[in-house]
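Each remark here refers to the structure printed beneath this line.
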Amino acid sequence: MISKKIKDVMISGSAIRAMFEEGKRLAQIHGKENVYDFSLGNPSVPAPKAVNDAIKQIAQDTDALALHGYMLNSGFESVRGIIADNLNSRFGTAFTFKNIIMTVGAAGGLNVALKSIINDGDEVIVFAPYFGEYNNYVANVGGKIVVVPPNPPTFQPDLSALKTLIGEHTKAVIVNSPNNPSGVIYGEDTLKELGAILKEQSKKKGEAIYLISDEPYRELVYGQNAVPFLTKYYDNTIIGYSYSKSLSLPGERIGYLAIPDEAEDSENLIAACSVATRILGFVNAPSLQQLVIGKCIDEKTDVSAYDKNRKLLYNALTQYGFECIEPQGAFYLFVKCPIEESEFIAKAKQYNILVVGGKSFACEGYFRISYCVSYDMIERSLPYFKKLAEETIK
């Protein structure tokens, strides 16, 4: 018999994945060109050419035993040093290779961080809307999710509500900026205030409350927007990064944790994360992909295609009467449902438009559009979005 925990996960499932699978089914019936699947955040911009070139060069020029063998749990020191230097030059930090732990993407990194700090019954606070897999990551280590209610229309963290939810069992707060699903970037003033609150509450508790920053979308920003680097505002910060979106490598599962020396008991925290990497079964991040990152540290995905999609969708949908905040980063549009959420999702599906309900992000009454798709598909979908608006917006 399977475990109760995994059975519960199977029953609850992932609405995002379920809608993605539904898209495959509908494509077989109606034809792929007649299905408008906005469910999954799967990059549609290819990885930079330099990435594939690096893979070929590394495979050709590196001793096979060295390339495919074990290394330290925390990864190649040379690559970690390159990442540290890159962060230092961009954000004025003072990292060395010792502050960086290579991880199996941001998801692997978050699980490693939580495994390292959470005891049974500890609470982890998240701000709605948030990526629903956080629920599973926290449950994996015996913790409990505490949700700060959403703060529309800006969707900036509600820090007044946060203060009321911090208690004796609070061990960490997770933030995600640019945010999935809203596309909002948390502003510098907000993060300064958040850091001050956590510093004050940590002092009251007599132990650190960790701030975990989940940053797979850090490089996907538009216009003059910028993402503040959180270690500037709060010492007890753990940065979790992924190259899945910034280099269009979601299937390669490569990222890192960055833990500053200023964090409380940082030496033991870093060591704990290295051990957690092993005991969670990752052992280490993929060796080839680590070396690729070392060679491609300055490469970037061209976000202009996402920006073009963003503008087309946002301008069209708001013109049709839908309400949503203009995304500053990531590749999601978070739109208010003009009618009850499940009814709206069902009506959209009648037009072969597949979106994910806000309930999956602890923000019922909204729906998420993932616009990392072809521009042509968006253009073809717009007449049906217009029909949806005419049918549902009073």
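Chains: A, B, ... in order of the structure tokens. Residues: from 1 per chain. Ligands: from 1, in order shown.
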
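Residues in contact with Gly187 in chain A at up to 9 Å, not including ones fewer than 3 positions away on its chain and judged by only C-alpha atoms, are A:Gln156, A:Val184, A:Thr190, A:Leu191, A:Lys192, A:Ala226, A:Val227, A:Pro228.
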
Could those selected residues go to a file with N, CA, C and O atoms, as a PDB file, in the first residue's frame?
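Everything below was put into part.pdb:
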ATOM      1  N   GLN A 156       1.197  43.062  -3.586  1.00  0.00           N
ATOM      2  CA  GLN A 156       2.381  43.177  -2.743  1.00  0.00           C
ATOM      3  C   GLN A 156       2.098  42.458  -1.422  1.00  0.00           C
ATOM      4  O   GLN A 156       0.935  42.358  -1.006  1.00  0.00           O
ATOM      5  N   VAL A 184       4.117  40.080 -10.342  1.00  0.00           N
ATOM      6  CA  VAL A 184       4.479  41.269  -9.560  1.00  0.00           C
ATOM      7  C   VAL A 184       5.894  41.117  -9.011  1.00  0.00           C
ATOM      8  O   VAL A 184       6.323  40.028  -8.612  1.00  0.00           O
ATOM      9  N   THR A 190       9.005  47.544   0.402  1.00  0.00           N
ATOM     10  CA  THR A 190       8.327  46.392   0.996  1.00  0.00           C
ATOM     11  C   THR A 190       9.332  45.430   1.606  1.00  0.00           C
ATOM     12  O   THR A 190       9.143  44.938   2.730  1.00  0.00           O
ATOM     13  N   LEU A 191      10.413  45.170   0.883  1.00  0.00           N
ATOM     14  CA  LEU A 191      11.408  44.204   1.360  1.00  0.00           C
ATOM     15  C   LEU A 191      12.196  44.753   2.552  1.00  0.00           C
ATOM     16  O   LEU A 191      12.556  43.993   3.453  1.00  0.00           O
ATOM     17  N   LYS A 192      12.442  46.039   2.571  1.00  0.00           N
ATOM     18  CA  LYS A 192      13.098  46.653   3.728  1.00  0.00           C
ATOM     19  C   LYS A 192      12.234  46.486   4.972  1.00  0.00           C
ATOM     20  O   LYS A 192      12.733  46.120   6.050  1.00  0.00           O
ATOM     21  N   ALA A 226      13.423  46.137 -11.833  1.00  0.00           N
ATOM     22  CA  ALA A 226      14.566  45.392 -11.305  1.00  0.00           C
ATOM     23  C   ALA A 226      14.132  44.639 -10.059  1.00  0.00           C
ATOM     24  O   ALA A 226      13.213  45.060  -9.356  1.00  0.00           O
ATOM     25  N   VAL A 227      14.804  43.530  -9.796  1.00  0.00           N
ATOM     26  CA  VAL A 227      14.476  42.700  -8.641  1.00  0.00           C
ATOM     27  C   VAL A 227      15.515  42.946  -7.552  1.00  0.00           C
ATOM     28  O   VAL A 227      16.691  42.627  -7.738  1.00  0.00           O
ATOM     29  N   PRO A 228      15.122  43.507  -6.411  1.00  0.00           N
ATOM     30  CA  PRO A 228      16.083  43.736  -5.321  1.00  0.00           C
ATOM     31  C   PRO A 228      16.667  42.418  -4.809  1.00  0.00           C
ATOM     32  O   PRO A 228      15.984  41.384  -4.811  1.00  0.00           O
TER      33      PRO A 228
END

Shell around Ala94 in chain A at 10 Å using only C-alpha atoms, local window under 4 positions removed, as a JSON list (two decimals) with N, CA and C atoms, in the first residue's frame:
[["chain", "number", "residue", "atom", "x", "y", "z"],
["A", 84, "ALA", "N", 29.54, 32.87, -7.38],
["A", 84, "ALA", "CA", 29.75, 33.84, -6.30],
["A", 84, "ALA", "C", 30.29, 35.15, -6.85],
["A", 85, "ASP", "N", 31.29, 35.07, -7.73],
["A", 85, "ASP", "CA", 31.88, 36.28, -8.31],
["A", 85, "ASP", "C", 30.85, 37.05, -9.13],
["A", 87, "LEU", "N", 27.53, 37.09, -8.69],
["A", 87, "LEU", "CA", 26.61, 37.75, -7.77],
["A", 87, "LEU", "C", 27.26, 38.97, -7.13],
["A", 88, "ASN", "N", 28.52, 38.84, -6.76],
["A", 88, "ASN", "CA", 29.23, 39.95, -6.13],
["A", 88, "ASN", "C", 29.32, 41.15, -7.06],
["A", 89, "SER", "N", 29.59, 40.90, -8.33],
["A", 89, "SER", "CA", 29.73, 42.00, -9.28],
["A", 89, "SER", "C", 28.40, 42.67, -9.58],
["A", 99, "ASN", "N", 29.78, 29.88, 0.00],
["A", 99, "ASN", "CA", 28.41, 30.34, 0.23],
["A", 99, "ASN", "C", 27.41, 29.78, -0.79],
["A", 260, "PRO", "N", 24.46, 33.74, 2.89],
["A", 260, "PRO", "CA", 25.51, 34.69, 3.26],
["A", 260, "PRO", "C", 26.17, 34.34, 4.59],
["A", 261, "ASP", "N", 27.41, 34.76, 4.76],
["A", 261, "ASP", "CA", 28.12, 34.55, 6.02],
["A", 261, "ASP", "C", 27.42, 35.25, 7.18],
["A", 262, "GLU", "N", 26.66, 36.31, 6.87],
["A", 262, "GLU", "CA", 25.99, 37.08, 7.91],
["A", 262, "GLU", "C", 24.82, 36.32, 8.53]]

Non-local contacts of Ala348 in chain A (8 Å; only C-alpha atoms; under 6 positions in same chain excluded) as a list in words: Leu354, Val355, Phe385 and Leu388 of chain A

Create the file for the chosen residues now, containing C-alpha atoms and written as a PDB file, in the first residue's frame.
ATOM      1  CA  LEU A 354      -6.917  26.265 -20.960  1.00  0.00           C
ATOM      2  CA  VAL A 355      -5.977  28.381 -17.934  1.00  0.00           C
ATOM      3  CA  PHE A 385     -11.166  35.519 -25.140  1.00  0.00           C
ATOM      4  CA  LEU A 388     -15.611  34.809 -23.141  1.00  0.00           C
TER       5      LEU A 388
END

Separation of CA of Glu21 in chain A from CA of Phe38 in chain A, in Å and rounded to one decimal: 11.8 Å

Test item: residues at most 12 Å from Lys98 in chain A, only C-alpha atoms, excluding those fewer than 6 positions along its chain, as a list in words: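 Once the adjacent positions are removed, what remains is Leu72, Ser74, Gly75, Phe76, Glu77, Ser78, Val79, Arg80, Gly81, Ile82, Ile83, Ala84, Asp85, Tyr256, Leu257, Ala258, Ile259, Pro260, Asp261, Ser266, Glu267, Asn268, Leu269, Ile270, Ala271, Cys273 and Ser274 of chain A.
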
Selection export as a compact mmCIF listing (two decimals), in the first residue's frame, atoms kept: N, CA, C and O atoms:
# COMPACT_ATOMS: atom_id res chain seq x y z
N LEU A 72 32.00 16.87 -4.55
CA LEU A 72 31.43 17.27 -3.27
C LEU A 72 29.92 17.42 -3.40
O LEU A 72 29.41 17.83 -4.45
N SER A 74 28.04 19.61 -2.43
CA SER A 74 27.67 20.99 -2.74
C SER A 74 28.08 21.44 -4.14
O SER A 74 27.74 22.55 -4.55
N GLY A 75 28.78 20.56 -4.88
CA GLY A 75 29.10 20.88 -6.27
C GLY A 75 30.54 21.27 -6.50
O GLY A 75 31.35 21.38 -5.57
N PHE A 76 30.88 21.48 -7.77
CA PHE A 76 32.24 21.86 -8.16
C PHE A 76 32.61 23.21 -7.56
O PHE A 76 31.89 24.20 -7.76
N GLU A 77 33.73 23.26 -6.85
CA GLU A 77 34.15 24.53 -6.25
C GLU A 77 34.38 25.60 -7.31
O GLU A 77 34.10 26.78 -7.09
N SER A 78 34.91 25.20 -8.47
CA SER A 78 35.20 26.18 -9.52
C SER A 78 33.92 26.86 -9.99
O SER A 78 33.88 28.09 -10.17
N VAL A 79 32.87 26.08 -10.20
CA VAL A 79 31.60 26.66 -10.67
C VAL A 79 30.96 27.51 -9.58
O VAL A 79 30.45 28.60 -9.86
N ARG A 80 31.00 27.03 -8.37
CA ARG A 80 30.44 27.82 -7.26
C ARG A 80 31.16 29.15 -7.12
O ARG A 80 30.54 30.18 -6.82
N GLY A 81 32.47 29.14 -7.36
CA GLY A 81 33.25 30.39 -7.31
C GLY A 81 32.85 31.35 -8.41
O GLY A 81 32.75 32.57 -8.19
N ILE A 82 32.59 30.83 -9.60
CA ILE A 82 32.16 31.66 -10.72
C ILE A 82 30.81 32.31 -10.40
O ILE A 82 30.60 33.50 -10.66
N ILE A 83 29.89 31.52 -9.84
CA ILE A 83 28.58 32.07 -9.47
C ILE A 83 28.72 33.14 -8.40
O ILE A 83 28.09 34.20 -8.46
N ALA A 84 29.54 32.87 -7.38
CA ALA A 84 29.75 33.84 -6.30
C ALA A 84 30.29 35.15 -6.85
O ALA A 84 29.81 36.24 -6.50
N ASP A 85 31.29 35.07 -7.73
CA ASP A 85 31.88 36.28 -8.31
C ASP A 85 30.85 37.05 -9.13
O ASP A 85 30.82 38.29 -9.10
N TYR A 256 21.02 26.82 -7.68
CA TYR A 256 21.90 26.91 -6.50
C TYR A 256 21.17 27.55 -5.33
O TYR A 256 20.15 28.21 -5.49
N LEU A 257 21.72 27.32 -4.15
CA LEU A 257 21.39 28.08 -2.96
C LEU A 257 22.55 29.02 -2.66
O LEU A 257 23.72 28.64 -2.83
N ALA A 258 22.23 30.23 -2.22
CA ALA A 258 23.24 31.18 -1.76
C ALA A 258 22.92 31.55 -0.32
O ALA A 258 21.81 32.03 -0.04
N ILE A 259 23.88 31.32 0.57
CA ILE A 259 23.68 31.59 2.00
C ILE A 259 24.79 32.52 2.46
O ILE A 259 25.98 32.15 2.43
N PRO A 260 24.46 33.74 2.89
CA PRO A 260 25.51 34.69 3.26
C PRO A 260 26.17 34.34 4.59
O PRO A 260 25.55 33.70 5.46
N ASP A 261 27.41 34.76 4.76
CA ASP A 261 28.12 34.55 6.02
C ASP A 261 27.42 35.25 7.18
O ASP A 261 27.55 34.84 8.34
N SER A 266 25.91 30.51 10.12
CA SER A 266 25.95 30.25 8.68
C SER A 266 26.80 29.03 8.33
O SER A 266 26.46 28.27 7.42
N GLU A 267 27.88 28.81 9.05
CA GLU A 267 28.76 27.68 8.74
C GLU A 267 28.01 26.36 8.88
O GLU A 267 28.08 25.49 8.01
N ASN A 268 27.26 26.22 9.98
CA ASN A 268 26.49 24.99 10.18
C ASN A 268 25.31 24.91 9.22
O ASN A 268 24.93 23.81 8.77
N LEU A 269 24.70 26.06 8.91
CA LEU A 269 23.58 26.06 7.96
C LEU A 269 24.04 25.60 6.58
O LEU A 269 23.37 24.78 5.93
N ILE A 270 25.17 26.10 6.14
CA ILE A 270 25.71 25.69 4.84
C ILE A 270 26.05 24.20 4.86
O ILE A 270 25.73 23.47 3.91
N ALA A 271 26.67 23.74 5.94
CA ALA A 271 27.00 22.32 6.06
C ALA A 271 25.75 21.46 6.07
O ALA A 271 25.70 20.39 5.45
N CYS A 273 22.87 22.12 4.64
CA CYS A 273 22.32 22.06 3.29
C CYS A 273 23.09 21.08 2.41
O CYS A 273 22.50 20.37 1.58
N SER A 274 24.40 21.01 2.60
CA SER A 274 25.20 20.06 1.83
C SER A 274 24.83 18.62 2.20
O SER A 274 24.73 17.75 1.32

Selected residue, from A:Asn352, A:Thr154, A:Thr277, A:Thr170, that lies nearest to Gly109 in chain A when counting only C-alpha atoms: A:Thr277

Strand (DSSP E or B) positions in range 16-203 of chain A, given as number ranges by chain: A: 36-37, 100-103, 123-127, 144-148, 170-176

Separation of CA of Thr103 in chain A from CA of Gly281 in chain A in Å: 11.6 Å

Phe131 in chain A surroundings by only C-alpha atoms, 12 Å radius, close-in-sequence under 2 positions cut, as number ranges by chain: A: 14-16, 41, 107, 126-129, 133-137, 147, 174-183, 214-216, 356, 358-363, 368

Give me a file of those residues, with N, CA, C and O atoms, as a compact mmCIF listing (two decimals), in the first residue's frame.
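Result went into again33.txt, see below:
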# COMPACT_ATOMS: atom_id res chain seq x y z
N SER A 14 -2.06 18.19 -9.22
CA SER A 14 -1.61 19.51 -9.65
C SER A 14 -2.56 20.00 -10.72
O SER A 14 -2.67 19.40 -11.80
N ALA A 15 -3.27 21.08 -10.45
CA ALA A 15 -4.20 21.62 -11.43
C ALA A 15 -3.47 22.06 -12.69
O ALA A 15 -4.02 21.99 -13.80
N ILE A 16 -2.24 22.52 -12.52
CA ILE A 16 -1.45 22.97 -13.67
C ILE A 16 -1.16 21.80 -14.59
O ILE A 16 -1.41 21.84 -15.81
N GLY A 41 4.09 26.73 -17.30
CA GLY A 41 5.16 27.71 -17.46
C GLY A 41 6.39 27.09 -18.07
O GLY A 41 7.47 27.06 -17.46
N ALA A 107 13.43 23.99 -7.14
CA ALA A 107 12.61 23.08 -6.33
C ALA A 107 13.48 22.22 -5.44
O ALA A 107 13.21 22.06 -4.23
N VAL A 126 3.78 31.85 3.92
CA VAL A 126 3.82 32.19 2.50
C VAL A 126 2.79 33.29 2.22
O VAL A 126 1.80 33.41 2.94
N PHE A 127 3.05 34.06 1.17
CA PHE A 127 2.13 35.14 0.78
C PHE A 127 1.32 34.69 -0.43
O PHE A 127 1.87 34.37 -1.48
N ALA A 128 -0.01 34.67 -0.27
CA ALA A 128 -0.87 34.36 -1.42
C ALA A 128 -0.94 35.57 -2.35
O ALA A 128 -0.95 36.72 -1.88
N PRO A 129 -0.97 35.33 -3.66
CA PRO A 129 -0.93 34.03 -4.32
C PRO A 129 0.50 33.47 -4.33
O PRO A 129 1.46 34.23 -4.43
N GLU A 133 3.11 24.17 -5.05
CA GLU A 133 4.00 23.09 -4.62
C GLU A 133 4.69 23.38 -3.29
O GLU A 133 5.20 22.47 -2.65
N TYR A 134 4.69 24.65 -2.87
CA TYR A 134 5.24 24.95 -1.54
C TYR A 134 4.56 24.11 -0.47
O TYR A 134 5.19 23.72 0.52
N ASN A 135 3.27 23.86 -0.64
CA ASN A 135 2.54 23.04 0.34
C ASN A 135 3.20 21.68 0.50
O ASN A 135 3.38 21.19 1.62
N ASN A 136 3.56 21.06 -0.62
CA ASN A 136 4.18 19.74 -0.58
C ASN A 136 5.60 19.80 -0.04
O ASN A 136 6.01 18.93 0.73
N TYR A 137 6.34 20.83 -0.44
CA TYR A 137 7.72 20.94 0.04
C TYR A 137 7.77 21.05 1.57
O TYR A 137 8.60 20.42 2.22
N VAL A 147 -0.70 30.79 5.63
CA VAL A 147 -0.90 31.62 4.44
C VAL A 147 -1.30 33.04 4.84
O VAL A 147 -2.30 33.24 5.54
N ILE A 174 8.63 32.34 3.07
CA ILE A 174 9.03 32.18 1.67
C ILE A 174 8.47 33.34 0.86
O ILE A 174 7.29 33.68 0.97
N VAL A 175 9.32 33.95 0.05
CA VAL A 175 8.88 34.96 -0.91
C VAL A 175 9.30 34.52 -2.31
O VAL A 175 10.29 33.81 -2.48
N ASN A 176 8.54 34.98 -3.30
CA ASN A 176 8.79 34.61 -4.70
C ASN A 176 8.55 35.85 -5.55
O ASN A 176 7.41 36.28 -5.74
N SER A 177 9.64 36.45 -6.03
CA SER A 177 9.55 37.69 -6.79
C SER A 177 10.63 37.68 -7.88
O SER A 177 11.80 37.44 -7.56
N PRO A 178 10.23 37.94 -9.15
CA PRO A 178 8.89 38.11 -9.69
C PRO A 178 8.01 36.92 -9.35
O PRO A 178 8.46 35.78 -9.36
N ASN A 179 6.75 37.23 -9.12
CA ASN A 179 5.86 36.25 -8.51
C ASN A 179 5.14 35.38 -9.54
O ASN A 179 4.68 35.86 -10.57
N ASN A 180 5.10 34.11 -9.23
CA ASN A 180 4.22 33.16 -9.92
C ASN A 180 3.04 32.92 -8.97
O ASN A 180 3.24 32.39 -7.88
N PRO A 181 1.84 33.42 -9.31
CA PRO A 181 1.31 33.65 -10.65
C PRO A 181 1.10 35.11 -11.08
O PRO A 181 0.65 35.35 -12.20
N SER A 182 1.37 36.10 -10.25
CA SER A 182 0.89 37.45 -10.53
C SER A 182 1.82 38.25 -11.44
O SER A 182 1.39 39.24 -12.04
N GLY A 183 3.10 37.87 -11.53
CA GLY A 183 4.06 38.64 -12.30
C GLY A 183 4.54 39.89 -11.59
O GLY A 183 5.31 40.69 -12.15
N ASP A 214 12.66 32.46 -3.31
CA ASP A 214 12.56 31.54 -4.44
C ASP A 214 12.63 32.37 -5.73
O ASP A 214 11.70 33.12 -6.04
N GLU A 215 13.73 32.22 -6.50
CA GLU A 215 14.01 33.18 -7.56
C GLU A 215 14.21 32.58 -8.95
O GLU A 215 15.17 32.93 -9.65
N PRO A 216 13.34 31.72 -9.43
CA PRO A 216 13.53 31.20 -10.79
C PRO A 216 13.28 32.23 -11.88
O PRO A 216 13.71 32.04 -13.02
N VAL A 356 -5.35 28.20 -15.60
CA VAL A 356 -5.32 27.58 -14.27
C VAL A 356 -6.02 28.50 -13.27
O VAL A 356 -5.72 29.70 -13.21
N GLY A 358 -7.22 30.39 -9.85
CA GLY A 358 -6.48 31.00 -8.75
C GLY A 358 -6.50 30.19 -7.47
O GLY A 358 -5.64 30.36 -6.60
N LYS A 359 -7.49 29.30 -7.34
CA LYS A 359 -7.56 28.45 -6.14
C LYS A 359 -6.28 27.65 -5.97
O LYS A 359 -5.86 27.37 -4.84
N SER A 360 -5.64 27.27 -7.07
CA SER A 360 -4.37 26.52 -7.01
C SER A 360 -3.25 27.35 -6.40
O SER A 360 -2.22 26.80 -6.00
N PHE A 361 -3.44 28.67 -6.36
CA PHE A 361 -2.42 29.57 -5.82
C PHE A 361 -2.92 30.26 -4.54
O PHE A 361 -2.41 31.32 -4.17
N ALA A 362 -3.93 29.66 -3.90
CA ALA A 362 -4.52 30.19 -2.66
C ALA A 362 -5.12 31.57 -2.87
O ALA A 362 -5.08 32.43 -1.99
N CYS A 363 -5.67 31.78 -4.06
CA CYS A 363 -6.27 33.07 -4.38
C CYS A 363 -7.46 32.83 -5.29
O CYS A 363 -7.42 33.11 -6.50
N ARG A 368 -4.85 32.12 -13.96
CA ARG A 368 -3.50 32.41 -14.44
C ARG A 368 -3.35 32.02 -15.90
O ARG A 368 -3.74 30.93 -16.31

Range 268-359 of chain A: residues DSSP assigns to helix (DSSP H, G or I), reported as a PyMOL selection string: chain A and resi 268-279+287-295+304-320+341-350+358-359

Within 12 Å of Gln350 in chain A using only C-alpha atoms, minus same-chain residues under 2 positions, as JSON, numbers by chain: {"A": [26, 30, 34, 35, 36, 343, 344, 345, 346, 347, 348, 352, 353, 354, 355, 384, 385, 387, 388, 391]}

Selected residues written out, N, CA and C atoms, as a short mmCIF file (atom, residue, chain, number, x, y, z; two decimals), in the first residue's frame:
data_model
loop_
_atom_site.label_atom_id
_atom_site.label_comp_id
_atom_site.auth_asym_id
_atom_site.auth_seq_id
_atom_site.Cartn_x
_atom_site.Cartn_y
_atom_site.Cartn_z
N LEU A 26 -7.26 17.34 -25.79
CA LEU A 26 -8.08 18.15 -26.69
C LEU A 26 -7.41 18.34 -28.04
N HIS A 30 -9.34 18.06 -31.54
CA HIS A 30 -9.63 19.26 -32.32
C HIS A 30 -8.47 19.72 -33.21
N ASN A 34 -5.99 24.36 -32.81
CA ASN A 34 -7.29 24.84 -32.32
C ASN A 34 -7.44 24.74 -30.81
N VAL A 35 -6.33 24.49 -30.12
CA VAL A 35 -6.32 24.43 -28.66
C VAL A 35 -5.37 25.51 -28.16
N TYR A 36 -5.81 26.29 -27.18
CA TYR A 36 -5.05 27.44 -26.69
C TYR A 36 -4.65 27.17 -25.25
N GLU A 343 -16.74 27.94 -12.71
CA GLU A 343 -17.63 28.14 -13.85
C GLU A 343 -16.89 28.81 -15.00
N PHE A 344 -16.04 29.80 -14.66
CA PHE A 344 -15.29 30.49 -15.70
C PHE A 344 -14.30 29.55 -16.38
N ILE A 345 -13.57 28.74 -15.60
CA ILE A 345 -12.60 27.81 -16.17
C ILE A 345 -13.30 26.84 -17.12
N ALA A 346 -14.48 26.40 -16.74
CA ALA A 346 -15.25 25.49 -17.58
C ALA A 346 -15.69 26.17 -18.87
N LYS A 347 -16.13 27.43 -18.79
CA LYS A 347 -16.56 28.15 -19.99
C LYS A 347 -15.37 28.39 -20.92
N ALA A 348 -14.22 28.72 -20.34
CA ALA A 348 -13.03 28.91 -21.16
C ALA A 348 -12.68 27.63 -21.91
N ASN A 352 -11.79 25.89 -25.90
CA ASN A 352 -10.46 25.27 -25.96
C ASN A 352 -9.37 26.20 -25.41
N ILE A 353 -9.77 27.10 -24.51
CA ILE A 353 -8.80 27.93 -23.79
C ILE A 353 -8.54 27.28 -22.44
N LEU A 354 -7.29 26.96 -22.19
CA LEU A 354 -6.92 26.26 -20.96
C LEU A 354 -6.09 27.19 -20.08
N VAL A 355 -6.65 27.54 -18.92
CA VAL A 355 -5.98 28.38 -17.93
C VAL A 355 -6.10 27.70 -16.58
N TYR A 384 -11.57 34.31 -29.10
CA TYR A 384 -12.30 33.47 -28.14
C TYR A 384 -12.27 34.09 -26.74
N PHE A 385 -11.17 34.76 -26.39
CA PHE A 385 -11.17 35.52 -25.14
C PHE A 385 -12.23 36.63 -25.20
N LYS A 387 -15.02 36.55 -26.91
CA LYS A 387 -16.32 35.91 -26.73
C LYS A 387 -16.57 35.56 -25.26
N LEU A 388 -15.50 35.10 -24.57
CA LEU A 388 -15.61 34.81 -23.14
C LEU A 388 -15.99 36.05 -22.36
N GLU A 391 -19.53 36.96 -22.86
CA GLU A 391 -20.44 36.01 -22.23
C GLU A 391 -20.44 36.12 -20.71
#

Contacts of Lys205 in chain A within 9 Å, only C-alpha atoms, excl. fewer than 4 positions in-chain, as a ChimeraX atom specification: /A:167-168,200-201,209
